[in-house]
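**Q** Input coords-v6.cif, format and content: mmCIF, C-alpha atoms and all ligand atoms.
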```cif
data_coords
loop_
_atom_site.label_atom_id
_atom_site.label_comp_id
_atom_site.auth_asym_id
_atom_site.auth_seq_id
_atom_site.Cartn_x
_atom_site.Cartn_y
_atom_site.Cartn_z
CA MET A 1 -44.11 -42.24 20.75
CA SER A 2 -43.82 -38.61 21.66
CA MET A 3 -40.42 -37.02 21.88
CA SER A 4 -39.44 -33.65 23.21
CA VAL A 5 -36.63 -31.90 21.46
CA GLN A 6 -33.91 -30.85 23.80
CA PRO A 7 -31.36 -28.27 22.67
CA ALA A 8 -28.00 -29.10 24.19
CA PRO A 9 -26.30 -31.78 22.15
CA ALA A 10 -23.34 -33.79 23.39
CA THR A 11 -20.99 -31.43 21.63
CA ALA A 12 -20.50 -28.26 23.63
CA PRO A 13 -20.09 -24.99 21.76
CA SER A 14 -16.75 -23.27 22.09
CA ARG A 15 -17.91 -19.76 21.22
CA LYS A 16 -14.96 -18.08 22.86
CA ALA A 17 -12.47 -20.12 20.89
CA ALA A 18 -13.91 -19.23 17.46
CA ALA A 19 -14.33 -15.56 18.38
CA ASP A 20 -10.74 -15.50 19.64
CA ARG A 21 -9.38 -17.17 16.54
CA PHE A 22 -11.20 -15.04 13.99
CA GLY A 23 -12.10 -11.88 15.95
CA VAL A 24 -15.51 -10.25 16.37
CA ILE A 25 -16.82 -7.79 13.77
CA ALA A 26 -19.43 -5.17 14.72
CA ARG A 27 -22.83 -5.66 13.08
CA PRO A 28 -22.90 -3.43 9.98
CA PRO A 29 -25.67 -0.81 9.54
CA LEU A 30 -28.75 -2.32 7.90
CA GLU A 31 -30.22 0.29 5.59
CA TRP A 32 -32.34 0.08 2.47
CA ASN A 33 -30.92 2.45 -0.12
CA ALA A 34 -30.21 2.63 -3.85
CA GLU A 35 -26.86 0.82 -3.49
CA ILE A 36 -28.41 -2.11 -1.62
CA GLU A 37 -31.25 -2.23 -4.13
CA ARG A 38 -28.76 -2.46 -7.03
CA GLU A 39 -26.56 -4.98 -5.23
CA THR A 40 -29.43 -7.34 -4.47
CA ALA A 41 -31.63 -6.88 -7.57
CA HIS A 42 -30.44 -10.14 -9.20
CA LEU A 43 -31.09 -12.03 -5.96
CA TYR A 44 -34.59 -10.64 -5.62
CA GLU A 45 -35.41 -12.16 -9.03
CA ARG A 46 -34.86 -15.60 -7.49
CA VAL A 47 -37.39 -15.07 -4.70
CA ALA A 48 -39.87 -12.74 -6.40
CA HIS A 49 -42.43 -15.56 -6.54
CA HIS A 50 -42.25 -15.83 -2.77
CA ILE A 51 -41.45 -12.39 -1.31
CA PRO A 52 -43.64 -9.41 -2.31
CA LYS A 53 -41.58 -6.49 -3.66
CA ILE A 54 -42.82 -4.25 -0.89
CA GLU A 55 -41.18 -6.57 1.69
CA TRP A 56 -37.78 -6.82 -0.03
CA PRO A 57 -36.36 -3.71 1.74
CA VAL A 58 -36.66 -5.69 5.00
CA TYR A 59 -34.64 -8.66 3.67
CA ALA A 60 -32.17 -7.00 1.29
CA PRO A 61 -29.94 -5.19 3.87
CA TYR A 62 -29.39 -8.53 5.66
CA VAL A 63 -28.71 -10.35 2.39
CA ALA A 64 -26.17 -7.72 1.30
CA ALA A 65 -24.45 -7.63 4.71
CA ILE A 66 -24.22 -11.45 4.93
CA ASN A 67 -22.80 -11.76 1.42
CA ARG A 68 -20.16 -9.09 2.10
CA LEU A 69 -19.20 -10.61 5.44
CA LYS A 70 -18.99 -14.07 3.93
CA LYS A 71 -16.24 -12.89 1.59
CA GLU A 72 -14.44 -11.03 4.37
CA ARG A 73 -14.47 -14.13 6.60
CA ASN A 74 -13.78 -16.61 3.76
CA ALA A 75 -16.92 -18.44 4.87
CA ALA A 76 -19.28 -20.76 2.99
CA ILE A 77 -22.98 -20.98 3.80
CA LEU A 78 -24.56 -24.42 3.52
CA ALA A 79 -28.36 -24.40 3.35
CA HIS A 80 -30.60 -27.42 3.60
CA ASN A 81 -33.49 -27.80 1.16
CA TYR A 82 -35.90 -26.94 4.01
CA GLN A 83 -34.47 -23.47 4.63
CA THR A 84 -36.56 -20.46 3.70
CA PRO A 85 -36.20 -19.09 0.12
CA GLU A 86 -34.34 -15.90 1.15
CA ILE A 87 -31.65 -18.10 2.75
CA PHE A 88 -31.71 -20.83 0.10
CA HIS A 89 -31.57 -18.50 -2.93
CA CYS A 90 -29.90 -15.32 -1.65
CA VAL A 91 -27.06 -16.18 0.76
CA ALA A 92 -26.33 -19.92 0.39
CA ASP A 93 -23.23 -21.14 -1.46
CA ILE A 94 -24.24 -24.79 -1.38
CA VAL A 95 -27.76 -26.20 -1.12
CA GLY A 96 -28.96 -29.76 -0.83
CA ASP A 97 -29.81 -32.52 1.60
CA SER A 98 -27.67 -33.02 4.69
CA LEU A 99 -25.19 -35.42 3.16
CA GLN A 100 -24.83 -33.47 -0.08
CA LEU A 101 -24.04 -30.40 2.01
CA ALA A 102 -21.37 -32.07 4.11
CA LYS A 103 -19.73 -33.71 1.09
CA GLU A 104 -19.75 -30.55 -1.00
CA ALA A 105 -18.30 -28.60 1.91
CA THR A 106 -15.14 -30.73 1.69
CA LYS A 107 -14.56 -29.25 -1.77
CA VAL A 108 -14.96 -25.55 -0.95
CA ASP A 109 -11.99 -23.39 -0.18
CA ALA A 110 -13.40 -21.80 2.99
CA ASP A 111 -12.13 -21.51 6.55
CA ILE A 112 -15.61 -21.30 8.03
CA ILE A 113 -18.82 -23.20 7.35
CA VAL A 114 -22.11 -21.63 8.45
CA GLN A 115 -24.61 -24.49 8.60
CA CYS A 116 -28.14 -23.33 7.86
CA GLY A 117 -29.91 -26.46 8.99
CA VAL A 118 -30.19 -28.38 12.25
CA HIS A 119 -27.54 -29.47 14.72
CA PHE A 120 -26.90 -33.01 13.50
CA MET A 121 -26.19 -31.58 10.04
CA ALA A 122 -23.62 -29.19 11.48
CA GLU A 123 -22.02 -32.12 13.30
CA THR A 124 -21.88 -34.13 10.07
CA SER A 125 -20.23 -31.18 8.34
CA LYS A 126 -17.69 -31.02 11.17
CA LEU A 127 -17.03 -34.77 10.92
CA LEU A 128 -16.21 -34.51 7.23
CA ASN A 129 -14.43 -31.16 7.54
CA PRO A 130 -12.49 -31.43 10.81
CA GLU A 131 -10.07 -28.65 9.90
CA LYS A 132 -12.83 -26.12 9.23
CA THR A 133 -14.68 -24.03 11.81
CA VAL A 134 -18.37 -24.95 11.72
CA LEU A 135 -20.96 -22.48 13.01
CA ILE A 136 -24.70 -22.91 13.46
CA PRO A 137 -26.76 -19.71 13.75
CA ASP A 138 -28.99 -21.21 16.45
CA MET A 139 -27.67 -23.98 18.68
CA LYS A 140 -31.25 -24.88 19.63
CA ALA A 141 -32.03 -26.04 16.07
CA GLY A 142 -32.62 -29.69 16.99
CA CYS A 143 -34.53 -32.58 15.41
CA SER A 144 -37.15 -34.95 16.85
CA LEU A 145 -35.61 -37.86 14.97
CA SER A 146 -32.03 -37.22 16.01
CA GLU A 147 -33.02 -36.71 19.61
CA SER A 148 -35.12 -39.88 19.82
CA ILE A 149 -32.02 -41.98 20.49
CA THR A 150 -28.71 -41.79 22.37
CA GLY A 151 -25.42 -43.63 22.16
CA ALA A 152 -26.37 -45.54 25.34
CA ASP A 153 -29.58 -46.72 23.60
CA VAL A 154 -27.52 -48.12 20.72
CA ARG A 155 -25.22 -49.96 23.13
CA LEU A 156 -28.30 -51.54 24.74
CA LEU A 157 -29.60 -52.58 21.32
CA ARG A 158 -26.27 -54.24 20.59
CA GLU A 159 -26.51 -56.18 23.86
CA ARG A 160 -30.04 -57.25 23.00
CA TYR A 161 -29.23 -58.22 19.40
CA PRO A 162 -25.61 -59.43 19.51
CA GLY A 163 -23.95 -59.67 16.12
CA VAL A 164 -26.72 -57.81 14.28
CA PRO A 165 -25.26 -54.97 12.17
CA VAL A 166 -26.46 -51.48 13.07
CA VAL A 167 -27.32 -49.08 10.25
CA THR A 168 -27.92 -45.51 11.35
CA TYR A 169 -29.78 -42.85 9.43
CA VAL A 170 -27.64 -39.72 8.96
CA ASN A 171 -30.29 -37.80 10.93
CA THR A 172 -28.58 -38.72 14.21
CA SER A 173 -26.02 -37.18 16.53
CA ALA A 174 -22.30 -37.90 16.19
CA GLU A 175 -22.52 -39.79 19.47
CA VAL A 176 -25.07 -42.20 17.95
CA LYS A 177 -23.20 -42.52 14.66
CA ALA A 178 -20.09 -43.45 16.65
CA GLU A 179 -21.85 -46.51 18.11
CA THR A 180 -22.97 -47.89 14.76
CA ASP A 181 -21.50 -49.80 11.85
CA ILE A 182 -22.52 -47.62 8.95
CA CYS A 183 -24.77 -44.68 8.13
CA CYS A 184 -27.46 -44.48 5.48
CA THR A 185 -29.55 -41.79 3.84
CA SER A 186 -33.15 -42.02 2.74
CA SER A 187 -31.96 -42.63 -0.82
CA ASN A 188 -29.44 -45.43 -0.18
CA ALA A 189 -30.95 -47.19 2.86
CA VAL A 190 -31.94 -50.37 0.96
CA GLN A 191 -28.49 -50.68 -0.60
CA VAL A 192 -26.76 -50.15 2.77
CA VAL A 193 -28.98 -52.69 4.54
CA GLU A 194 -28.32 -55.30 1.83
CA SER A 195 -24.56 -54.58 1.78
CA PHE A 196 -23.99 -56.82 4.84
CA GLY A 197 -25.34 -59.94 3.14
CA VAL A 198 -27.05 -61.08 6.37
CA ASP A 199 -30.64 -62.00 7.31
CA THR A 200 -31.28 -59.33 9.94
CA VAL A 201 -30.18 -55.71 10.30
CA LEU A 202 -30.99 -52.98 12.81
CA CYS A 203 -32.02 -49.83 10.95
CA ILE A 204 -32.40 -46.93 13.39
CA PRO A 205 -33.81 -44.58 14.58
CA ASP A 206 -36.61 -43.81 12.07
CA GLU A 207 -39.39 -46.36 12.38
CA TYR A 208 -41.07 -45.27 9.16
CA LEU A 209 -37.92 -45.18 7.06
CA ALA A 210 -37.12 -48.68 8.38
CA LYS A 211 -40.59 -49.97 7.49
CA ASN A 212 -40.38 -48.41 4.04
CA VAL A 213 -37.00 -50.12 3.56
CA ALA A 214 -38.44 -53.44 4.81
CA ALA A 215 -41.06 -53.26 2.07
CA GLN A 216 -38.25 -53.29 -0.54
CA THR A 217 -35.93 -56.01 0.75
CA ASP A 218 -35.93 -59.58 2.02
CA VAL A 219 -33.65 -58.61 4.90
CA LYS A 220 -35.46 -58.61 8.25
CA ILE A 221 -35.37 -55.06 9.61
CA LEU A 222 -35.38 -54.28 13.32
CA THR A 223 -35.89 -50.66 14.23
CA TRP A 224 -36.52 -47.96 16.84
CA LYS A 225 -39.50 -45.75 17.59
CA GLY A 226 -38.06 -42.47 16.34
CA HIS A 227 -40.16 -40.26 14.08
CA CYS A 228 -39.73 -37.03 12.19
CA GLU A 229 -42.36 -34.73 13.67
CA VAL A 230 -42.91 -33.11 10.26
CA HIS A 231 -43.36 -36.22 8.13
CA GLU A 232 -45.30 -38.28 10.68
CA ARG A 233 -48.14 -35.74 10.51
CA PHE A 234 -49.09 -36.63 6.93
CA THR A 235 -51.94 -39.12 6.60
CA ALA A 236 -53.25 -41.32 3.80
CA GLU A 237 -56.72 -39.75 4.25
CA GLU A 238 -55.28 -36.28 3.68
CA LEU A 239 -53.54 -37.41 0.50
CA GLN A 240 -56.65 -39.20 -0.73
CA ALA A 241 -58.61 -35.96 -0.35
CA TYR A 242 -56.09 -34.17 -2.59
CA ARG A 243 -56.26 -36.99 -5.14
CA ASP A 244 -60.08 -37.02 -5.09
CA ALA A 245 -60.06 -33.27 -5.75
CA ASP A 246 -57.64 -33.71 -8.68
CA PRO A 247 -57.01 -37.28 -9.97
CA GLU A 248 -54.15 -36.00 -12.18
CA ILE A 249 -52.05 -34.74 -9.28
CA GLU A 250 -48.70 -36.48 -8.76
CA ILE A 251 -47.85 -37.31 -5.16
CA ILE A 252 -44.18 -37.31 -4.20
CA ALA A 253 -43.36 -38.42 -0.67
CA HIS A 254 -40.35 -38.57 1.60
CA PRO A 255 -39.65 -42.03 3.12
CA GLU A 256 -39.79 -40.57 6.66
CA CYS A 257 -43.59 -40.59 6.13
CA PRO A 258 -45.76 -43.43 7.46
CA VAL A 259 -45.95 -46.51 5.21
CA GLU A 260 -49.57 -45.92 4.17
CA VAL A 261 -48.61 -42.43 2.97
CA VAL A 262 -45.63 -43.73 0.98
CA GLU A 263 -47.86 -46.42 -0.57
CA MET A 264 -50.00 -43.67 -2.10
CA ALA A 265 -47.06 -41.85 -3.66
CA ASP A 266 -46.11 -41.89 -7.36
CA TYR A 267 -42.48 -41.40 -6.31
CA THR A 268 -40.63 -41.71 -2.99
CA GLY A 269 -37.14 -40.41 -2.34
CA SER A 270 -34.82 -38.14 -0.42
CA THR A 271 -35.24 -34.38 -0.73
CA ALA A 272 -32.56 -34.41 -3.45
CA GLY A 273 -34.38 -37.27 -5.22
CA MET A 274 -37.70 -35.43 -5.00
CA ILE A 275 -36.18 -32.30 -6.52
CA ASN A 276 -34.58 -34.29 -9.35
CA TYR A 277 -37.87 -36.04 -10.04
CA VAL A 278 -39.75 -32.74 -10.37
CA ARG A 279 -36.99 -31.22 -12.54
CA ASP A 280 -36.84 -34.26 -14.84
CA GLN A 281 -40.51 -35.22 -15.06
CA ARG A 282 -42.05 -31.72 -14.86
CA PRO A 283 -45.45 -33.00 -13.68
CA PRO A 284 -48.14 -30.35 -14.33
CA LYS A 285 -49.38 -30.52 -10.73
CA VAL A 286 -47.52 -32.01 -7.82
CA LEU A 287 -48.06 -32.57 -4.11
CA LEU A 288 -44.73 -32.58 -2.27
CA VAL A 289 -45.26 -34.58 0.90
CA THR A 290 -42.43 -33.05 2.89
CA GLU A 291 -41.42 -29.85 4.63
CA CYS A 292 -43.19 -26.86 3.16
CA SER A 293 -40.23 -24.68 2.18
CA MET A 294 -38.92 -27.18 -0.35
CA ALA A 295 -41.69 -26.43 -2.84
CA SER A 296 -41.04 -22.70 -2.43
CA ASN A 297 -37.33 -23.25 -3.11
CA ILE A 298 -37.71 -25.21 -6.33
CA GLN A 299 -40.68 -23.26 -7.67
CA SER A 300 -38.46 -20.72 -9.48
CA GLN A 301 -36.59 -23.52 -11.32
CA VAL A 302 -39.77 -25.13 -12.63
CA PRO A 303 -42.26 -22.24 -12.98
CA GLU A 304 -44.59 -24.34 -15.12
CA VAL A 305 -45.18 -26.84 -12.29
CA ASP A 306 -48.15 -26.16 -10.03
CA PHE A 307 -47.16 -27.05 -6.46
CA VAL A 308 -49.81 -28.00 -3.94
CA LYS A 309 -48.38 -27.46 -0.47
CA PRO A 310 -49.87 -29.38 2.43
CA CYS A 311 -47.46 -27.18 4.42
CA ASN A 312 -45.97 -28.91 7.42
CA LEU A 313 -43.15 -26.70 8.68
CA CYS A 314 -40.14 -27.92 10.64
CA PRO A 315 -39.90 -25.61 13.66
CA HIS A 316 -36.22 -26.48 14.11
CA MET A 317 -35.23 -25.54 10.56
CA LYS A 318 -37.17 -22.30 10.97
CA ARG A 319 -34.98 -21.25 13.89
CA ILE A 320 -32.40 -20.25 11.29
CA THR A 321 -33.02 -16.68 10.07
CA LEU A 322 -31.10 -13.97 8.21
CA PRO A 323 -30.47 -11.91 11.41
CA LYS A 324 -29.06 -14.99 13.17
CA ILE A 325 -26.82 -15.83 10.19
CA LEU A 326 -25.48 -12.28 10.25
CA ASP A 327 -24.82 -12.48 13.98
CA ALA A 328 -23.08 -15.84 13.53
CA LEU A 329 -20.68 -14.31 11.00
CA CYS A 330 -20.09 -11.16 13.07
CA GLU A 331 -19.59 -12.87 16.43
CA MET A 332 -18.35 -16.27 15.24
CA LYS A 333 -21.08 -18.15 17.07
CA GLU A 334 -22.19 -20.84 17.75
CA GLU A 335 -19.27 -23.13 17.06
CA VAL A 336 -20.05 -26.83 16.68
CA THR A 337 -17.37 -29.16 17.92
CA VAL A 338 -17.25 -32.94 18.28
CA ASP A 339 -15.15 -34.81 20.80
CA PRO A 340 -12.22 -36.19 18.75
CA ALA A 341 -12.67 -39.77 20.03
CA ILE A 342 -16.37 -39.73 19.09
CA ALA A 343 -15.62 -37.94 15.82
CA ALA A 344 -13.17 -40.61 14.63
CA ARG A 345 -15.72 -43.42 15.12
CA ALA A 346 -18.65 -41.42 13.76
CA ARG A 347 -16.64 -40.37 10.69
CA ARG A 348 -15.85 -44.02 10.01
CA ALA A 349 -19.60 -44.85 9.91
CA VAL A 350 -20.27 -41.98 7.49
CA GLU A 351 -17.26 -42.78 5.28
CA ARG A 352 -18.23 -46.46 5.06
CA MET A 353 -21.50 -45.33 3.52
CA VAL A 354 -19.87 -42.80 1.22
CA ASN A 355 -17.40 -45.45 0.00
CA LEU A 356 -20.04 -48.10 -0.60
CA LYS A 357 -19.88 -49.24 -4.23
CA ASN A 358 -23.04 -48.69 -6.27
S1 LIG A 401 -37.83 -32.14 9.10
FE1 LIG A 401 -37.92 -33.83 10.59
S2 LIG A 401 -35.99 -34.96 10.29
FE2 LIG A 401 -35.74 -32.90 9.33
S3 LIG A 401 -34.85 -31.64 10.96
FE3 LIG A 401 -37.09 -31.34 11.08
S4 LIG A 401 -37.74 -32.84 12.61
FE4 LIG A 401 -35.68 -33.46 11.96
#
```
Would you mind giving the structure from this file in structure tokens?
**A**
Amino acid sequence: MSMSVQPAPATAPSRKAAADRFGVIARPPLEWNAEIERETAHLYERVAHHIPKIEWPVYAPYVAAINRLKKERNAAILAHNYQTPEIFHCVADIVGDSLQLAKEATKVDADIIVQCGVHFMAETSKLLNPEKTVLIPDMKAGCSLSESITGADVRLLRERYPGVPVVTYVNTSAEVKAETDICCTSSNAVQVVESFGVDTVLCIPDEYLAKNVAAQTDVKILTWKGHCEVHERFTAEELQAYRDADPEIEIIAHPECPVEVVEMADYTGSTAGMINYVRDQRPPKVLLVTECSMASNIQSQVPEVDFVKPCNLCPHMKRITLPKILDALCEMKEEVTVDPAIAARARRAVERMVNLKN
């Protein structure tokens, strides 16, 4: 199934409102000088493996300006594991997968959240932090998986499968979450599916995640034809070629990959699970079968691990850049809002998952 990613989610931005509430600040001058060099030296250490020293004067003025403005605005920057290293290591306050980010954001004492990730993640942050102002530096940062399904589609599924519980992956819009019984992540999907104690469950919208869950449970799984355009590109043949070249290599895959790819993996888990696996096991050589930036982001924590990067980039994640983050903080754009009636139902689906007993 091919899906085009449309910008324009159901939640309209209210740029004027946020700018009115907090005021607009002029973009500060962006110069490379001795002060900026001193101020950012400790941050450069974190990305030295990735950014050549000669290029740091291009990044550092943005990093310094964002970090100053963050304090002035009492803002927190949330960065997904797929963000580029200069965002992940140099300006983010909280890093993690989408749910970790939203949950951690409830604990920070900040008025403003700048979501460095894609739109459904910003919506999830807003759902769990309704009193905070949530900004996304590029409103067009979408997701092929999230945009594969609408709330109307879920209502049709319910008509077709009356009484069958609907489990929704967190990689969906608030509108879709609102139509479903409970959310799941790639790490808890089996537990969530089995929590109903019934024979059949709808697990949407990721076809591959659903099939990977079906392989681990006796519950019959019905699904949807949504795919992550990054993870669906990996093939078993490609992985076999890496393994043939080096039989010792450990393959770690995300469950949004096709089943035959996951079957070849030594470990399968969410981005947070993959990171923990590498940190704990310290495999000498590892192939991370996921978005390319993740290996770059954890490389500095495990310098002894040799990462092989098949390098599939998410074009939506890469819409977020340092200049756009700076503009978001200066101009208070783009604000992510969720219709209160939708938000209440969507929040319930997320909280049911969060409150599920282990
Ligand atoms: S990596 Fe895949 S699931 Fe994640 S935002 Fe990009 S398209 Fe969506």
**Q** Taking into account all atoms listed in the file, which residue in the set A:Pro130, A:Gly197, A:Gly226, A:Pro284 is nearest to ligand LIG 401 (chain A)?
**A** A:Gly226
**Q** Between CA of Asn212 (chain A) and CA of Pro258 (chain A), what is the spacing in Å?
**A** 8.1 Å
**Q** Please measure the separation of CA of Cys330 (chain A) and CA of Ala34 (chain A), giving the value in Å to one decimal.
**A** 24.1 Å
**Q** Identify, counting all atoms listed in the file, the protein, DNA and RNA residues located within 8 Å of ligand LIG 401 (chain A), and give them as a PyMOL selection string.
**A** chain A and resi 82+117-118+142-146+171+227-231+256+290-291+313-317
**Q** Take the selection from the previous step and output its residues with C-alpha atoms, as a PDB file, keeping the file's coordinate frame.
**A**
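result_22.pdb, written as the output of this step:
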```
ATOM      1  CA  TYR A  82     -35.900 -26.940   4.010  1.00  0.00           C
ATOM      2  CA  GLY A 117     -29.910 -26.460   8.990  1.00  0.00           C
ATOM      3  CA  VAL A 118     -30.190 -28.380  12.250  1.00  0.00           C
ATOM      4  CA  GLY A 142     -32.620 -29.690  16.990  1.00  0.00           C
ATOM      5  CA  CYS A 143     -34.530 -32.580  15.410  1.00  0.00           C
ATOM      6  CA  SER A 144     -37.150 -34.950  16.850  1.00  0.00           C
ATOM      7  CA  LEU A 145     -35.610 -37.860  14.970  1.00  0.00           C
ATOM      8  CA  SER A 146     -32.030 -37.220  16.010  1.00  0.00           C
ATOM      9  CA  ASN A 171     -30.290 -37.800  10.930  1.00  0.00           C
ATOM     10  CA  HIS A 227     -40.160 -40.260  14.080  1.00  0.00           C
ATOM     11  CA  CYS A 228     -39.730 -37.030  12.190  1.00  0.00           C
ATOM     12  CA  GLU A 229     -42.360 -34.730  13.670  1.00  0.00           C
ATOM     13  CA  VAL A 230     -42.910 -33.110  10.260  1.00  0.00           C
ATOM     14  CA  HIS A 231     -43.360 -36.220   8.130  1.00  0.00           C
ATOM     15  CA  GLU A 256     -39.790 -40.570   6.660  1.00  0.00           C
ATOM     16  CA  THR A 290     -42.430 -33.050   2.890  1.00  0.00           C
ATOM     17  CA  GLU A 291     -41.420 -29.850   4.630  1.00  0.00           C
ATOM     18  CA  LEU A 313     -43.150 -26.700   8.680  1.00  0.00           C
ATOM     19  CA  CYS A 314     -40.140 -27.920  10.640  1.00  0.00           C
ATOM     20  CA  PRO A 315     -39.900 -25.610  13.660  1.00  0.00           C
ATOM     21  CA  HIS A 316     -36.220 -26.480  14.110  1.00  0.00           C
ATOM     22  CA  MET A 317     -35.230 -25.540  10.560  1.00  0.00           C
TER      23      MET A 317
END
```
**Q** Using all atoms listed in the file, can you tell me which of A:Ser148, A:Thr84, A:Asn33, A:Thr133 comes closest to Glu334 (chain A)?
**A**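 With all atoms listed in the file as the atom set, the closest residue is A:Thr133.
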**Q** Rank nothing, just name the residue among A:Val350, A:Val338, A:Leu287, A:Cys292 nearest to Tyr267 (chain A), using all atoms listed in the file.
**A**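 Using all atoms listed in the file, Tyr267 (chain A) sits closest to A:Leu287.
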**Q** Quick one: residues within 12 Å of Phe22 (chain A), all atoms listed in the file, excluding same-chain residues fewer than 2 positions away - as number ranges by chain?
**A** A: 15-20, 24-25, 72-75, 111-112, 133, 328-333, 335
**Q** Could the residues in this selection be saved with C-alpha atoms as a tab-separated table (two decimals), in the coordinates of the input?
**A**
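Here's the written file out-v6.tsv:
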```tsv
chain	number	residue	atom	x	y	z
A	15	ARG	CA	-17.91	-19.76	21.22
A	16	LYS	CA	-14.96	-18.08	22.86
A	17	ALA	CA	-12.47	-20.12	20.89
A	18	ALA	CA	-13.91	-19.23	17.46
A	19	ALA	CA	-14.33	-15.56	18.38
A	20	ASP	CA	-10.74	-15.50	19.64
A	24	VAL	CA	-15.51	-10.25	16.37
A	25	ILE	CA	-16.82	-7.79	13.77
A	72	GLU	CA	-14.44	-11.03	4.37
A	73	ARG	CA	-14.47	-14.13	6.60
A	74	ASN	CA	-13.78	-16.61	3.76
A	75	ALA	CA	-16.92	-18.44	4.87
A	111	ASP	CA	-12.13	-21.51	6.55
A	112	ILE	CA	-15.61	-21.30	8.03
A	133	THR	CA	-14.68	-24.03	11.81
A	328	ALA	CA	-23.08	-15.84	13.53
A	329	LEU	CA	-20.68	-14.31	11.00
A	330	CYS	CA	-20.09	-11.16	13.07
A	331	GLU	CA	-19.59	-12.87	16.43
A	332	MET	CA	-18.35	-16.27	15.24
A	333	LYS	CA	-21.08	-18.15	17.07
A	335	GLU	CA	-19.27	-23.13	17.06
```
**Q** My list of candidates is A:Val259, A:Ile66, A:Ala152, A:Val193. Which is closest to Lys177 (chain A) when distances are computed with only C-alpha atoms?
**A**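 The shortest atom-to-atom distance to Lys177 (chain A) comes from A:Ala152.
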**Q** Could you state the separation of CA of Ile342 (chain A) and CA of Pro162 (chain A) in Å, given to one decimal place?
**A** 21.8 Å
**Q** If we count only C-alpha atoms and set the cut-off at 9 Å, which residues sit around Arg348 (chain A), ignoring sequence neighbours fewer than 4 positions away in its own chain? Please answer as a count of residues only.
**A** 8
**Q** Is it possible to get the axis-aligned box enclosing region 175-180 of chain A (all listed atoms, 4 Å extra per side) as JSON, with centre and edge lengths in Å rounded to one decimal?
**A**
```
{"center_x": -22.6, "center_y": -43.8, "center_z": 17.1, "size_x": 13.0, "size_y": 16.1, "size_z": 12.8}
```
